$ cat entry20.cif   # mmCIF, C-alpha atoms
data_work
#
loop_
_atom_site.label_atom_id
_atom_site.label_comp_id
_atom_site.auth_asym_id
_atom_site.auth_seq_id
_atom_site.Cartn_x
_atom_site.Cartn_y
_atom_site.Cartn_z
CA MET A 1 -0.18 -15.05 14.53
CA ASN A 2 -1.94 -11.69 14.43
CA PHE A 3 -0.70 -8.22 13.58
CA GLY A 4 0.95 -6.73 16.66
CA GLY A 5 0.85 -9.96 18.65
CA LEU A 6 -2.24 -8.62 20.39
CA ASP A 7 -4.24 -10.18 23.20
CA PRO A 8 -7.53 -11.74 21.98
CA GLU A 9 -9.71 -8.99 23.42
CA TYR A 10 -8.27 -6.53 20.87
CA THR A 11 -8.49 -8.81 17.84
CA THR A 12 -12.16 -9.78 17.60
CA PHE A 13 -13.65 -9.10 14.19
CA ASP A 14 -16.80 -7.45 15.48
CA ASN A 15 -14.93 -4.84 17.54
CA ALA A 16 -12.02 -4.21 15.14
CA MET A 17 -11.68 -1.00 13.17
CA PHE A 18 -8.92 -2.48 10.97
CA VAL A 19 -8.83 -5.90 9.31
CA VAL A 20 -5.45 -7.07 8.07
CA VAL A 21 -5.52 -9.22 4.91
CA PRO A 22 -2.25 -11.03 4.10
CA VAL A 23 -1.90 -11.73 0.37
CA PRO A 24 1.21 -13.90 -0.23
CA TYR A 25 1.21 -13.65 -4.03
CA ASP A 26 3.98 -12.75 -6.50
CA LEU A 27 3.26 -14.63 -9.72
CA THR A 28 4.02 -11.69 -12.06
CA SER A 29 7.23 -10.57 -10.34
CA THR A 30 9.90 -10.07 -13.01
CA TYR A 31 13.22 -9.26 -11.31
CA GLN A 32 13.57 -10.59 -7.78
CA PRO A 33 10.68 -12.79 -6.62
CA GLY A 34 9.96 -13.27 -2.95
CA SER A 35 7.21 -10.79 -2.07
CA ARG A 36 4.97 -13.78 -1.36
CA LYS A 37 6.95 -14.00 1.87
CA GLY A 38 6.33 -10.35 2.70
CA PRO A 39 3.08 -10.72 4.65
CA SER A 40 4.45 -13.30 7.05
CA ALA A 41 7.61 -11.24 7.58
CA ILE A 42 5.54 -8.15 8.40
CA LEU A 43 3.32 -10.06 10.79
CA ASP A 44 6.33 -11.61 12.51
CA ALA A 45 8.10 -8.25 12.88
CA SER A 46 4.92 -6.58 14.15
CA CYS A 47 4.97 -8.81 17.23
CA PHE A 48 8.13 -7.04 18.39
CA MET A 49 6.89 -3.44 18.04
CA GLU A 50 6.10 -1.24 20.98
CA LEU A 51 2.35 -0.67 20.75
CA TYR A 52 2.55 2.87 22.09
CA ASP A 53 2.80 5.32 19.21
CA GLU A 54 5.42 7.86 20.26
CA GLU A 55 4.44 10.36 17.55
CA LEU A 56 0.72 10.45 18.25
CA ARG A 57 1.07 9.49 21.91
CA LYS A 58 -1.55 6.78 21.95
CA GLU A 59 -2.00 3.02 21.80
CA THR A 60 -3.51 2.55 18.37
CA TYR A 61 -4.34 -1.12 18.84
CA LEU A 62 -7.15 -0.14 21.24
CA VAL A 63 -9.37 0.56 18.21
CA GLY A 64 -9.12 -3.16 17.39
CA ILE A 65 -7.04 -4.96 14.76
CA HIS A 66 -8.28 -8.27 13.37
CA THR A 67 -6.00 -10.41 11.21
CA LEU A 68 -7.45 -12.78 8.62
CA GLN A 69 -5.84 -15.98 7.46
CA PRO A 70 -3.73 -15.40 4.31
CA LEU A 71 -5.64 -15.45 1.05
CA GLU A 72 -4.90 -18.60 -0.91
CA PRO A 73 -2.75 -17.78 -3.98
CA ASP A 74 -4.51 -18.56 -7.27
CA ALA A 75 -2.09 -20.18 -9.69
CA ARG A 76 -4.40 -19.63 -12.67
CA GLY A 77 -3.14 -16.07 -13.03
CA PRO A 78 -3.29 -12.50 -11.75
CA ARG A 79 -6.80 -11.81 -13.04
CA GLU A 80 -8.17 -14.57 -10.83
CA MET A 81 -6.08 -13.47 -7.85
CA ILE A 82 -7.32 -9.90 -8.21
CA GLU A 83 -10.88 -11.22 -8.16
CA THR A 84 -10.13 -13.18 -4.98
CA VAL A 85 -8.89 -9.98 -3.35
CA ARG A 86 -11.91 -8.03 -4.59
CA LYS A 87 -14.33 -10.50 -3.02
CA SER A 88 -12.47 -10.50 0.29
CA ILE A 89 -12.42 -6.71 0.51
CA ARG A 90 -16.06 -6.45 -0.57
CA ASN A 91 -17.05 -8.56 2.41
CA LEU A 92 -15.01 -6.41 4.80
CA ILE A 93 -16.42 -3.09 3.68
CA LYS A 94 -19.95 -4.45 4.03
CA CYS A 95 -19.06 -4.72 7.71
CA GLU A 96 -17.71 -1.14 7.81
CA LYS A 97 -14.10 -2.24 8.34
CA VAL A 98 -10.94 -0.51 7.11
CA PRO A 99 -9.09 -3.13 5.03
CA VAL A 100 -5.30 -3.33 5.31
CA LEU A 101 -3.64 -5.48 2.63
CA LEU A 102 -0.17 -6.90 3.15
CA GLY A 103 1.51 -7.90 -0.10
CA GLY A 104 2.65 -9.63 -2.06
CA GLU A 105 3.12 -8.00 -5.40
CA HIS A 106 1.49 -4.74 -6.42
CA SER A 107 -1.13 -6.22 -8.76
CA ILE A 108 -3.30 -7.13 -5.75
CA THR A 109 -4.10 -3.45 -5.17
CA LEU A 110 -6.51 -3.45 -8.09
CA GLY A 111 -8.86 -5.93 -6.41
CA ALA A 112 -9.12 -3.80 -3.28
CA VAL A 113 -9.78 -0.60 -5.25
CA GLN A 114 -12.42 -2.31 -7.39
CA ALA A 115 -14.30 -3.33 -4.24
CA LEU A 116 -14.02 0.06 -2.55
CA LYS A 117 -15.03 1.94 -5.70
CA ARG A 118 -18.43 0.22 -5.60
CA LYS A 119 -19.08 1.54 -2.10
CA TYR A 120 -17.36 4.92 -2.52
CA PRO A 121 -18.01 6.14 -6.09
CA GLU A 122 -15.84 9.24 -5.65
CA LEU A 123 -12.82 7.21 -4.48
CA SER A 124 -9.35 8.44 -5.41
CA VAL A 125 -6.06 6.55 -5.17
CA LEU A 126 -2.68 7.77 -3.89
CA GLN A 127 0.10 5.56 -5.25
CA LEU A 128 3.47 5.85 -3.53
CA ASP A 129 5.94 4.02 -5.70
CA ALA A 130 9.31 4.10 -7.45
CA HIS A 131 7.70 2.96 -10.70
CA ALA A 132 4.88 4.46 -12.72
CA ASP A 133 3.34 1.01 -13.44
CA MET A 134 1.46 2.63 -16.34
CA ARG A 135 2.03 0.06 -19.07
CA ASP A 136 -1.15 -1.14 -20.75
CA GLU A 137 0.27 -4.67 -20.91
CA TYR A 138 3.40 -6.36 -19.66
CA GLN A 139 4.51 -9.78 -20.85
CA GLU A 140 1.19 -9.96 -22.74
CA SER A 141 -0.89 -9.47 -19.60
CA PRO A 142 -2.95 -6.40 -18.62
CA TYR A 143 -2.82 -7.57 -14.99
CA SER A 144 0.69 -7.26 -13.61
CA HIS A 145 2.73 -5.41 -11.03
CA ALA A 146 3.90 -3.32 -14.02
CA THR A 147 0.38 -2.34 -15.15
CA VAL A 148 -1.40 -1.68 -11.86
CA GLY A 149 -1.08 2.10 -12.12
CA ARG A 150 -2.73 2.06 -15.54
CA ARG A 151 -5.61 -0.11 -14.34
CA LEU A 152 -6.13 2.15 -11.30
CA TRP A 153 -6.09 5.28 -13.50
CA GLU A 154 -8.84 3.75 -15.63
CA ILE A 155 -11.28 3.53 -12.72
CA CYS A 156 -10.25 6.27 -10.25
CA PRO A 157 -8.57 9.65 -10.08
CA LEU A 158 -4.92 8.77 -9.46
CA VAL A 159 -2.07 10.69 -7.85
CA GLN A 160 1.45 9.22 -7.91
CA ALA A 161 4.41 10.29 -5.78
CA GLY A 162 7.99 9.08 -5.46
CA ILE A 163 8.19 7.96 -9.10
CA ARG A 164 11.65 7.67 -10.64
CA SER A 165 11.38 4.85 -13.19
CA MET A 166 9.23 4.53 -16.32
CA SER A 167 9.40 3.58 -19.99
CA THR A 168 9.23 6.02 -22.90
CA GLN A 169 5.71 4.82 -23.64
CA GLU A 170 4.61 5.35 -20.05
CA ALA A 171 6.07 8.85 -19.99
CA SER A 172 4.28 9.75 -23.21
CA PHE A 173 0.97 8.36 -21.97
CA MET A 174 1.20 10.17 -18.65
CA GLU A 175 2.04 13.49 -20.31
CA LYS A 176 -0.76 13.14 -22.86
CA ASN A 177 -3.35 12.23 -20.22
CA LYS A 178 -2.06 14.66 -17.58
CA VAL A 179 -1.61 11.97 -14.94
CA LYS A 180 -0.84 13.74 -11.65
CA ASN A 181 2.69 12.56 -10.97
CA PHE A 182 5.42 13.74 -8.59
CA SER A 183 8.99 12.48 -8.69
CA ALA A 184 11.05 11.44 -5.70
CA ASP A 185 13.27 14.50 -6.29
CA PHE A 186 10.17 16.71 -6.05
CA VAL A 187 9.22 15.13 -2.72
CA LEU A 188 12.76 15.54 -1.37
CA THR A 189 13.63 19.04 -2.58
CA GLU A 190 10.57 21.06 -3.53
CA LYS A 191 9.40 23.69 -1.08
CA ASN A 192 5.89 22.90 0.16
CA ALA A 193 6.02 19.54 -1.65
CA LEU A 194 3.42 17.91 0.61
CA GLU A 195 0.94 20.75 0.10
CA LYS A 196 1.41 20.62 -3.68
CA ILE A 197 0.96 16.84 -3.82
CA CYS A 198 -2.16 16.98 -1.66
CA ASP A 199 -3.68 19.92 -3.53
CA GLY A 200 -7.00 18.68 -4.87
CA ILE A 201 -6.93 15.39 -2.96
CA LYS A 202 -10.04 15.19 -0.81
CA GLY A 203 -12.88 12.92 0.22
CA ASP A 204 -12.57 9.14 0.03
CA ILE A 205 -9.12 7.78 -0.78
CA TYR A 206 -7.21 4.51 -0.96
CA ILE A 207 -3.47 4.58 -0.32
CA THR A 208 -1.15 2.02 -1.88
CA VAL A 209 2.46 1.98 -0.70
CA ASP A 210 4.96 0.06 -2.79
CA LEU A 211 7.92 -0.10 -0.45
CA ASP A 212 10.35 0.64 -3.26
CA VAL A 213 9.18 4.25 -2.99
CA LEU A 214 11.73 4.42 -0.17
CA ASP A 215 15.42 4.73 -0.83
CA PRO A 216 17.09 1.29 -0.99
CA SER A 217 19.54 2.39 1.69
CA ILE A 218 16.69 1.92 4.17
CA MET A 219 14.50 -0.45 2.12
CA PRO A 220 16.68 -2.89 0.15
CA SER A 221 14.16 -5.73 0.49
CA THR A 222 12.11 -5.16 -2.65
CA GLY A 223 11.87 -6.98 -5.95
CA THR A 224 12.80 -3.93 -8.03
CA PRO A 225 14.82 -1.44 -5.93
CA GLU A 226 15.52 1.98 -7.47
CA PRO A 227 18.16 4.46 -6.23
CA GLY A 228 17.14 7.95 -5.23
CA GLY A 229 14.05 7.17 -3.17
CA ILE A 230 12.40 9.17 -0.45
CA ALA A 231 13.17 8.92 3.25
CA TRP A 232 11.10 7.58 6.13
CA ILE A 233 10.30 11.07 7.38
CA ASN A 234 9.10 12.19 3.93
CA LEU A 235 6.80 9.20 3.69
CA LEU A 236 5.30 9.72 7.12
CA GLY A 237 4.77 13.42 6.52
CA LEU A 238 2.84 12.77 3.33
CA LEU A 239 0.75 9.99 4.85
CA ARG A 240 -0.16 12.08 7.87
CA LYS A 241 -1.19 15.06 5.74
CA VAL A 242 -3.35 12.91 3.45
CA SER A 243 -4.96 11.18 6.42
CA GLN A 244 -5.84 14.56 7.93
CA SER A 245 -7.42 15.89 4.75
CA CYS A 246 -9.17 12.76 3.44
CA GLN A 247 -11.19 9.78 4.56
CA VAL A 248 -8.82 6.85 4.07
CA ARG A 249 -11.06 3.90 3.26
CA GLY A 250 -8.29 1.33 3.03
CA PHE A 251 -4.61 0.91 2.29
CA ASP A 252 -1.93 -1.58 1.42
CA VAL A 253 1.80 -2.05 1.90
CA VAL A 254 3.22 -4.23 -0.85
CA GLU A 255 6.39 -5.57 -2.49
CA LEU A 256 8.39 -6.50 0.61
CA SER A 257 10.76 -9.28 -0.46
CA PRO A 258 12.47 -10.31 2.78
CA ILE A 259 16.24 -10.84 2.78
CA PRO A 260 17.22 -13.67 5.16
CA GLY A 261 19.05 -12.31 8.17
CA LEU A 262 18.18 -8.66 7.43
CA VAL A 263 15.16 -7.84 9.57
CA ALA A 264 15.29 -4.03 9.65
CA PRO A 265 13.23 -3.65 6.42
CA ASP A 266 10.63 -6.10 7.75
CA PHE A 267 10.33 -4.09 10.94
CA LEU A 268 10.11 -0.84 8.96
CA ALA A 269 7.19 -2.26 6.99
CA ALA A 270 5.40 -3.38 10.15
CA LYS A 271 5.97 -0.01 11.82
CA LEU A 272 4.68 1.73 8.69
CA VAL A 273 1.45 -0.28 8.74
CA TYR A 274 0.90 0.53 12.41
CA ARG A 275 1.66 4.23 11.93
CA MET A 276 -0.79 4.42 9.02
CA MET A 277 -3.43 2.89 11.28
CA SER A 278 -2.60 5.57 13.84
CA TYR A 279 -3.05 8.40 11.35
CA ILE A 280 -6.30 7.00 9.99
CA SER A 281 -7.83 6.35 13.42
CA GLU A 282 -7.16 9.99 14.34
CA GLY A 283 -9.74 11.07 11.77
CA HIS A 284 -12.45 8.56 12.65
#

$ encode --input "entry20.cif" --output "structure tokens"
Amino acid sequence: MNFGGLDPEYTTFDNAMFVVVPVPYDLTSTYQPGSRKGPSAILDASCFMELYDEELRKETYLVGIHTLQPLEPDARGPREMIETVRKSIRNLIKCEKVPVLLGGEHSITLGAVQALKRKYPELSVLQLDAHADMRDEYQESPYSHATVGRRLWEICPLVQAGIRSMSTQEASFMEKNKVKNFSADFVLTEKNALEKICDGIKGDIYITVDLDVLDPSIMPSTGTPEPGGIAWINLLGLLRKVSQSCQVRGFDVVELSPIPGLVAPDFLAAKLVYRMMSYISEGH
């Protein structure tokens, strides 16, 4: 199975612009597990998409999309799994590919950013998420879906959008350190919200999309759904604007926990991945 169900001529590694990396890992999930099944659900749904992008009026797959075999989950712990991801992404960027991670839980993002930071020292990260994920530790581990924002902030300039859930300690830390953070209400109601979020974002960037950034009315299939999320059109508008103003060096879509018999969220995730490829390929 490959992303998009493409014919072999469009999936060769050498000719592909994008390389899809499935990471079926959810060891630190704390509410509803199941995101380990997310990558396979996205790949399955992607085979039923129309490959013509009606917004950009092009067939994005023509730039080439190669799909790797899923990374083997490392049961020793998240630190080891993050290292596995880092090594995989390091090899891809040596070959000038745009890595596309399919999660799996959000902790895997750190491995990708670590690898890309070595190649692009000025890399920034845009985190689209319901949760701040800014704890220093969670359940006695610094490597968790609940700490990934903090670890990213430590190594890269970080911008967060869609946030609507955090602890008192996270809120205090973010205020003290002036973490650039925009709530879901800001995205939905503020005039010129996209321009204000993107102000100062430039150059090389990595985008991480935790699907719980979306409202659970359209994305119920996440481990930690939060009411009051943004809409599909808000998400696409922000992604398109960032892709036009920055060089997107890689991205991920994480935290899909498929619900048996409910395929619409799986299809949304697949469509989102393909649309992000479309936006990025416009600027290359």

$ closest_residue --input "entry20.cif" --among "A:Tyr61, A:Phe3, A:Tyr31, A:Tyr279" --to "His145 in chain A" --atoms "all atoms listed in the file"
A:Tyr31

$ closest_residue --input "entry20.cif" --among "A:Asp252, A:Glu190, A:Asp133, A:Glu170" --to "Thr224 in chain A" --atoms "all atoms listed in the file"
A:Asp133

$ resolve_selection --input "entry20.cif" --expression "the PyMOL selection byres ((chain A and resi 55) around 12)" --output "ChimeraX atom specification"
/A:51-54,56-60,233,236-237,240,271,274-276,278-279

$ write_last_selection --input "entry20.cif" --atoms "C-alpha atoms" --output "tab-separated table (two decimals), keeping the file's coordinate frame"
chain	number	residue	atom	x	y	z
A	51	LEU	CA	2.35	-0.67	20.75
A	52	TYR	CA	2.55	2.87	22.09
A	53	ASP	CA	2.80	5.32	19.21
A	54	GLU	CA	5.42	7.86	20.26
A	56	LEU	CA	0.72	10.45	18.25
A	57	ARG	CA	1.07	9.49	21.91
A	58	LYS	CA	-1.55	6.78	21.95
A	59	GLU	CA	-2.00	3.02	21.80
A	60	THR	CA	-3.51	2.55	18.37
A	233	ILE	CA	10.30	11.07	7.38
A	236	LEU	CA	5.30	9.72	7.12
A	237	GLY	CA	4.77	13.42	6.52
A	240	ARG	CA	-0.16	12.08	7.87
A	271	LYS	CA	5.97	-0.01	11.82
A	274	TYR	CA	0.90	0.53	12.41
A	275	ARG	CA	1.66	4.23	11.93
A	276	MET	CA	-0.79	4.42	9.02
A	278	SER	CA	-2.60	5.57	13.84
A	279	TYR	CA	-3.05	8.40	11.35

$ atom_distance --input "entry20.cif" --atom1 "CA of Leu126 in chain A" --atom2 "CA of Val179 in chain A"
11.9 Å

$ closest_residue --input "entry20.cif" --among "A:Gly111, A:Gly103, A:Gly250, A:Gly149" --to "Met277 in chain A" --atoms "all atoms listed in the file"
A:Gly250

$ residues_near_point --input "entry20.cif" --point "(-5.4, -7.8, -13.4)" --cutoff "10 Å" --atoms "all atoms listed in the file" --output "list in words"
Gly77, Pro78, Arg79, Glu80, Met81, Ile82, Glu83, Ser107, Ile108, Thr109, Leu110, Gly111, Glu137, Ser141, Pro142, Tyr143, Ser144, His145, Thr147, Val148 and Arg151 of chain A

$ closest_residue --input "entry20.cif" --among "A:Ala184, A:Ala16, A:Leu211, A:Leu256" --to "Arg36 in chain A" --atoms "all atoms listed in the file"
A:Leu256

$ residues_around --input "entry20.cif" --residues "range 43-45 of chain A" --least-positions-apart "6" --cutoff "10 Å" --atoms "all atoms listed in the file" --output "PyMOL selection string"
chain A and resi 1-5+20+22+67+102+263-271

$ atom_distance --input "entry20.cif" --atom1 "CA of Gly104 in chain A" --atom2 "CA of Leu152 in chain A"
17.4 Å
